[in-house]
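Working notes for the structure below.
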Amino acid sequence: MLQKFGFSQYESKVYEALVTHAEPMDATTIVKHSGVPKAKIYEVIAKLVEKGIVSDAVSGKKRTYSAIPMQIVIDKLTHEFERDIADLRRAGTRRTYADDQVWSLKTNSSIQAYCRQLIDQAECSIVLSMWVDEFKEFAPLLEQKEQQGVDVEVLVTGGNPGAVKLTKMNVLEPTDGHEMILEQFKLIIADGNQVLFAGMEEGNWQAMRTMAQPFVKFFTEFFHHDVALAIISRKYATELMQDAEMKALLMRLRY
């Protein structure tokens, strides 16, 4: 049985010889009762003492050895096994590596599926920006996540989505003419560590997703800039459109 816990055959035989005898034994006596070769006996005994299941003492000129009681050994091995299991669990957690690759997606069905997955798996925060027609599909799930305690912040482009119950929702309504220039896009940042950005290219959706922090930070700032622009445009729409320079700058924006 001891061999199942990492003890050698010789170590097991020596412990068995000691634990089944009431009196301590010297090395010569241990050889006699264990069958371990005399040439190996001191090496084996030393390992058992080091492992804490055999104790030694000097009596006169002789060194004698005694087995630690079986129940104490069982308790010791149980504790060490449980500790090793806990260490193994922690080691598994430490060895999860961040995926810094940038992955591409080519079809809208795949992009929609990943958007839903990112929202569904988010535990702390969701940042989302997209056009109103796309947003309506995800609105119920976003409301559900906010009810679960997830911090949800949304920017909707192209009009008011209607009766959506989200605490942090801003709407960007493009002016006449600018709406024709703006391109469809989707942006989701989940838990501040993963981003998906999708846009239209020659009539087809294409997207990138990554956990690389430079991209996550960039698109987070991108989102906050858009929110600021939406609030400024809503409050000062008339003034901005009457200023030729500001109007020209705003009309250059594609997203």
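Ordering of the structure tokens sets the chain letters (A, B, ...); residue numbers start at 1 within each chain; ligands are numbered from 1 in the order shown.
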Write out as a ChimeraX atom specification all residues of range 7-199 of chain A that backbone DSSP assigns to strand (DSSP E). /A:54-59,62-67,102-105,125-131,151-157,168-172,185-190,194-199
Find the residues near range 198-207 of chain A: any atom within 12 Å, counting only C-alpha atoms, skip ones fewer than 6 places away on the same chain, and give them as JSON, numbers by chain. {"A": [102, 103, 104, 105, 106, 107, 108, 109, 110, 111, 112, 114, 115, 128, 129, 130, 131, 134, 182, 183, 184, 185, 186, 187, 188, 189, 219, 254, 255]}
Backbone-only DSSP, helix (DSSP H, G or I) members of range 7-42 of chain A, as a PDB file with N, CA and C atoms, in the first residue's frame:
```pdb
ATOM      1  N   GLN A   9       9.829  -0.276  -2.860  1.00  0.00           N
ATOM      2  CA  GLN A   9       9.567  -1.597  -2.288  1.00  0.00           C
ATOM      3  C   GLN A   9      10.397  -1.826  -1.025  1.00  0.00           C
ATOM      4  N   TYR A  10      11.659  -1.421  -1.059  1.00  0.00           N
ATOM      5  CA  TYR A  10      12.526  -1.571   0.115  1.00  0.00           C
ATOM      6  C   TYR A  10      12.015  -0.717   1.278  1.00  0.00           C
ATOM      7  N   GLU A  11      11.604   0.496   0.984  1.00  0.00           N
ATOM      8  CA  GLU A  11      11.092   1.371   2.042  1.00  0.00           C
ATOM      9  C   GLU A  11       9.839   0.766   2.677  1.00  0.00           C
ATOM     10  N   SER A  12       8.987   0.194   1.851  1.00  0.00           N
ATOM     11  CA  SER A  12       7.758  -0.427   2.354  1.00  0.00           C
ATOM     12  C   SER A  12       8.077  -1.622   3.246  1.00  0.00           C
ATOM     13  N   LYS A  13       9.053  -2.424   2.841  1.00  0.00           N
ATOM     14  CA  LYS A  13       9.423  -3.610   3.629  1.00  0.00           C
ATOM     15  C   LYS A  13      10.017  -3.224   4.981  1.00  0.00           C
ATOM     16  N   VAL A  14      10.853  -2.193   4.993  1.00  0.00           N
ATOM     17  CA  VAL A  14      11.457  -1.749   6.253  1.00  0.00           C
ATOM     18  C   VAL A  14      10.384  -1.210   7.187  1.00  0.00           C
ATOM     19  N   TYR A  15       9.479  -0.384   6.664  1.00  0.00           N
ATOM     20  CA  TYR A  15       8.420   0.151   7.538  1.00  0.00           C
ATOM     21  C   TYR A  15       7.547  -0.977   8.077  1.00  0.00           C
ATOM     22  N   GLU A  16       7.206  -1.945   7.221  1.00  0.00           N
ATOM     23  CA  GLU A  16       6.375  -3.071   7.664  1.00  0.00           C
ATOM     24  C   GLU A  16       7.062  -3.850   8.786  1.00  0.00           C
ATOM     25  N   ALA A  17       8.373  -4.065   8.631  1.00  0.00           N
ATOM     26  CA  ALA A  17       9.117  -4.791   9.666  1.00  0.00           C
ATOM     27  C   ALA A  17       9.095  -4.033  10.987  1.00  0.00           C
ATOM     28  N   LEU A  18       9.237  -2.730  10.944  1.00  0.00           N
ATOM     29  CA  LEU A  18       9.268  -1.913  12.161  1.00  0.00           C
ATOM     30  C   LEU A  18       7.893  -1.787  12.800  1.00  0.00           C
ATOM     31  N   VAL A  19       6.854  -1.563  11.995  1.00  0.00           N
ATOM     32  CA  VAL A  19       5.533  -1.288  12.551  1.00  0.00           C
ATOM     33  C   VAL A  19       4.893  -2.542  13.143  1.00  0.00           C
ATOM     34  N   ALA A  27      19.803  -1.713  12.797  1.00  0.00           N
ATOM     35  CA  ALA A  27      19.846  -1.990  11.365  1.00  0.00           C
ATOM     36  C   ALA A  27      19.986  -3.476  11.064  1.00  0.00           C
ATOM     37  N   THR A  28      20.823  -4.180  11.865  1.00  0.00           N
ATOM     38  CA  THR A  28      21.033  -5.614  11.623  1.00  0.00           C
ATOM     39  C   THR A  28      19.735  -6.394  11.783  1.00  0.00           C
ATOM     40  N   THR A  29      18.957  -6.063  12.822  1.00  0.00           N
ATOM     41  CA  THR A  29      17.689  -6.742  13.062  1.00  0.00           C
ATOM     42  C   THR A  29      16.680  -6.421  11.961  1.00  0.00           C
ATOM     43  N   ILE A  30      16.701  -5.183  11.468  1.00  0.00           N
ATOM     44  CA  ILE A  30      15.788  -4.788  10.395  1.00  0.00           C
ATOM     45  C   ILE A  30      16.083  -5.587   9.130  1.00  0.00           C
ATOM     46  N   VAL A  31      17.366  -5.785   8.835  1.00  0.00           N
ATOM     47  CA  VAL A  31      17.750  -6.593   7.676  1.00  0.00           C
ATOM     48  C   VAL A  31      17.165  -7.992   7.802  1.00  0.00           C
ATOM     49  N   LYS A  32      17.260  -8.567   9.002  1.00  0.00           N
ATOM     50  CA  LYS A  32      16.782  -9.925   9.247  1.00  0.00           C
ATOM     51  C   LYS A  32      15.277 -10.053   9.012  1.00  0.00           C
ATOM     52  N   HIS A  33      14.502  -9.067   9.494  1.00  0.00           N
ATOM     53  CA  HIS A  33      13.037  -9.174   9.428  1.00  0.00           C
ATOM     54  C   HIS A  33      12.437  -8.602   8.147  1.00  0.00           C
ATOM     55  N   SER A  34      13.154  -7.730   7.435  1.00  0.00           N
ATOM     56  CA  SER A  34      12.591  -7.090   6.232  1.00  0.00           C
ATOM     57  C   SER A  34      13.021  -7.761   4.941  1.00  0.00           C
ATOM     58  N   LYS A  38      21.715  -5.869   3.181  1.00  0.00           N
ATOM     59  CA  LYS A  38      22.481  -5.102   4.156  1.00  0.00           C
ATOM     60  C   LYS A  38      23.134  -3.875   3.528  1.00  0.00           C
ATOM     61  N   ALA A  39      23.556  -4.011   2.259  1.00  0.00           N
ATOM     62  CA  ALA A  39      24.224  -2.898   1.572  1.00  0.00           C
ATOM     63  C   ALA A  39      23.283  -1.706   1.352  1.00  0.00           C
ATOM     64  N   LYS A  40      21.976  -1.957   1.394  1.00  0.00           N
ATOM     65  CA  LYS A  40      21.000  -0.893   1.118  1.00  0.00           C
ATOM     66  C   LYS A  40      20.318  -0.369   2.377  1.00  0.00           C
ATOM     67  N   ILE A  41      20.463  -1.064   3.490  1.00  0.00           N
ATOM     68  CA  ILE A  41      19.613  -0.796   4.638  1.00  0.00           C
ATOM     69  C   ILE A  41      19.760   0.615   5.194  1.00  0.00           C
ATOM     70  N   TYR A  42      20.973   1.142   5.300  1.00  0.00           N
ATOM     71  CA  TYR A  42      21.146   2.484   5.881  1.00  0.00           C
ATOM     72  C   TYR A  42      20.578   3.578   4.962  1.00  0.00           C
TER      73      TYR A  42
END
```
For each of A:Asp191, A:Asp226, A:Glu50, A:Glu239, take the minimum atom-to-atom distance to Asn170 in chain A, counting only C-alpha atoms, then give the residue where this is smallest.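 Answer, going by the shortest atom-to-atom distance: A:Asp226.
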For Glu137 in chain A, please output as an MDAnalysis selection string all residues within 10 Å (counting only C-alpha atoms; exclusion window: fewer than 4 positions along the same chain). chainID A and resid 112 116 132:133 141:142
May I have the residues from that selection written out with N, CA, C and O atoms, as a CSV table (one decimal), in the first residue's frame?
```
chain,number,residue,atom,x,y,z
A,112,GLN,N,-22.5,37.1,-35.3
A,112,GLN,CA,-23.6,37.2,-34.4
A,112,GLN,C,-23.5,36.2,-33.3
A,112,GLN,O,-23.8,36.5,-32.1
A,116,ARG,N,-23.2,37.1,-29.3
A,116,ARG,CA,-24.1,36.6,-28.2
A,116,ARG,C,-23.3,35.9,-27.1
A,116,ARG,O,-23.6,36.0,-26.0
A,132,VAL,N,-28.9,50.5,-34.6
A,132,VAL,CA,-30.2,50.2,-33.8
A,132,VAL,C,-30.8,49.0,-34.3
A,132,VAL,O,-31.3,48.2,-33.5
A,133,ASP,N,-30.8,48.7,-35.6
A,133,ASP,CA,-31.5,47.5,-36.1
A,133,ASP,C,-30.8,46.2,-35.6
A,133,ASP,O,-31.4,45.2,-35.3
A,141,LEU,N,-31.1,40.3,-24.0
A,141,LEU,CA,-30.0,39.6,-23.3
A,141,LEU,C,-29.2,40.6,-22.5
A,141,LEU,O,-28.8,40.3,-21.3
A,142,LEU,N,-29.0,41.8,-23.0
A,142,LEU,CA,-28.3,42.9,-22.3
A,142,LEU,C,-29.1,43.3,-21.0
A,142,LEU,O,-28.5,43.5,-19.9
```
Can you work out which one of A:Ile85, A:Ile45, A:Val195, A:Val171 has the shortest atom-to-atom distance to Arg209 in chain A, counting only C-alpha atoms? A:Val195
Who sits within 8 Å of Ser125 in chain A, only C-alpha atoms, same chain under 6 positions skipped, as an MDAnalysis selection string: chainID A and resid 150:152 190:192
Coordinates-based distance that separates CA of Gly162 in chain A from CA of Thr220 in chain A (Å, one decimal):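 Taking CA of Thr220 in chain A as the start and CA of Gly162 in chain A as the end point, the length is 25.4 Å.
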Using only C-alpha atoms, can you tell me which of A:Leu88, A:Cys124, A:Met208, A:Val227 comes closest to Val156 in chain A? A:Val227
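One distance worth recording is that between CA of Glu221 in chain A and CA of Gln242 in chain A, which is 27.9 Å.
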Using only C-alpha atoms, which protein or nucleic acid residues come within 12 Å of Lys76 in chain A? Drop anything in the same chain fewer than 6 positions from it, and give the result as JSON, numbers by chain. {"A": [5, 51, 52, 53, 68, 69, 70, 82, 83]}
Residues from last step as file, N, CA and C atoms, as an mmCIF file, in the first residue's frame:
```cif
data_model
loop_
_atom_site.group_PDB
_atom_site.id
_atom_site.type_symbol
_atom_site.label_atom_id
_atom_site.label_comp_id
_atom_site.auth_asym_id
_atom_site.auth_seq_id
_atom_site.Cartn_x
_atom_site.Cartn_y
_atom_site.Cartn_z
ATOM 1 N N PHE A 5 1.751 5.273 -2.562
ATOM 2 C CA PHE A 5 1.974 6.660 -2.151
ATOM 3 C C PHE A 5 3.393 7.127 -2.457
ATOM 4 N N LYS A 51 11.428 11.144 5.354
ATOM 5 C CA LYS A 51 10.022 11.239 4.954
ATOM 6 C C LYS A 51 9.083 11.278 6.152
ATOM 7 N N GLY A 52 9.623 11.088 7.353
ATOM 8 C CA GLY A 52 8.844 11.289 8.560
ATOM 9 C C GLY A 52 7.971 10.138 8.980
ATOM 10 N N ILE A 53 8.299 8.893 8.550
ATOM 11 C CA ILE A 53 7.480 7.771 9.007
ATOM 12 C C ILE A 53 8.297 6.783 9.859
ATOM 13 N N ILE A 68 6.759 5.174 13.021
ATOM 14 C CA ILE A 68 5.691 6.076 13.451
ATOM 15 C C ILE A 68 4.384 5.283 13.389
ATOM 16 N N PRO A 69 3.513 5.368 14.392
ATOM 17 C CA PRO A 69 2.268 4.586 14.391
ATOM 18 C C PRO A 69 1.481 4.736 13.099
ATOM 19 N N MET A 70 0.825 3.668 12.702
ATOM 20 C CA MET A 70 0.131 3.613 11.416
ATOM 21 C C MET A 70 -0.894 4.738 11.250
ATOM 22 N N GLU A 82 -4.098 15.842 0.137
ATOM 23 C CA GLU A 82 -5.045 16.945 -0.027
ATOM 24 C C GLU A 82 -4.325 18.247 -0.363
ATOM 25 N N ARG A 83 -3.153 18.461 0.254
ATOM 26 C CA ARG A 83 -2.364 19.655 -0.041
ATOM 27 C C ARG A 83 -1.870 19.639 -1.487
#
```
Work out how far CA of Gln213 in chain A is from CA of Ala139 in chain A, in Å to one decimal. 26.7 Å
7 Å contact set for Met211 in chain A, only C-alpha atoms, chain neighbours under 2 positions out, as a PyMOL selection string: chain A and resi 98-100+193-195+213+216
Selection file, N, CA and C atoms, as an mmCIF file, in the first residue's frame:
```cif
data_model
loop_
_atom_site.group_PDB
_atom_site.id
_atom_site.type_symbol
_atom_site.label_atom_id
_atom_site.label_comp_id
_atom_site.auth_asym_id
_atom_site.auth_seq_id
_atom_site.Cartn_x
_atom_site.Cartn_y
_atom_site.Cartn_z
ATOM 1 N N ALA A 98 -2.981 34.122 -21.625
ATOM 2 C CA ALA A 98 -3.799 35.050 -22.398
ATOM 3 C C ALA A 98 -3.595 34.795 -23.893
ATOM 4 N N ASP A 99 -4.704 34.785 -24.610
ATOM 5 C CA ASP A 99 -4.654 34.573 -26.053
ATOM 6 C C ASP A 99 -4.488 35.940 -26.716
ATOM 7 N N ASP A 100 -3.270 36.236 -27.181
ATOM 8 C CA ASP A 100 -2.991 37.528 -27.796
ATOM 9 C C ASP A 100 -3.159 37.515 -29.313
ATOM 10 N N ASN A 193 -11.439 42.505 -21.187
ATOM 11 C CA ASN A 193 -10.292 41.697 -21.622
ATOM 12 C C ASN A 193 -10.479 41.030 -22.979
ATOM 13 N N GLN A 194 -11.609 41.239 -23.636
ATOM 14 C CA GLN A 194 -11.804 40.664 -24.957
ATOM 15 C C GLN A 194 -12.667 41.593 -25.801
ATOM 16 N N VAL A 195 -12.267 41.788 -27.047
ATOM 17 C CA VAL A 195 -12.981 42.710 -27.925
ATOM 18 C C VAL A 195 -13.330 42.027 -29.241
ATOM 19 N N GLN A 213 -4.294 43.078 -25.140
ATOM 20 C CA GLN A 213 -4.660 44.270 -24.384
ATOM 21 C C GLN A 213 -4.509 45.594 -25.148
ATOM 22 N N VAL A 216 -7.728 45.893 -26.950
ATOM 23 C CA VAL A 216 -8.840 46.081 -26.018
ATOM 24 C C VAL A 216 -8.874 47.526 -25.515
#
```
Nearest to Glu153 in chain A: which of A:Ala122, A:Met169, A:Ala86, A:Val73 is it, counting only C-alpha atoms?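 Distance minimum relative to Glu153 in chain A lands on A:Met169.
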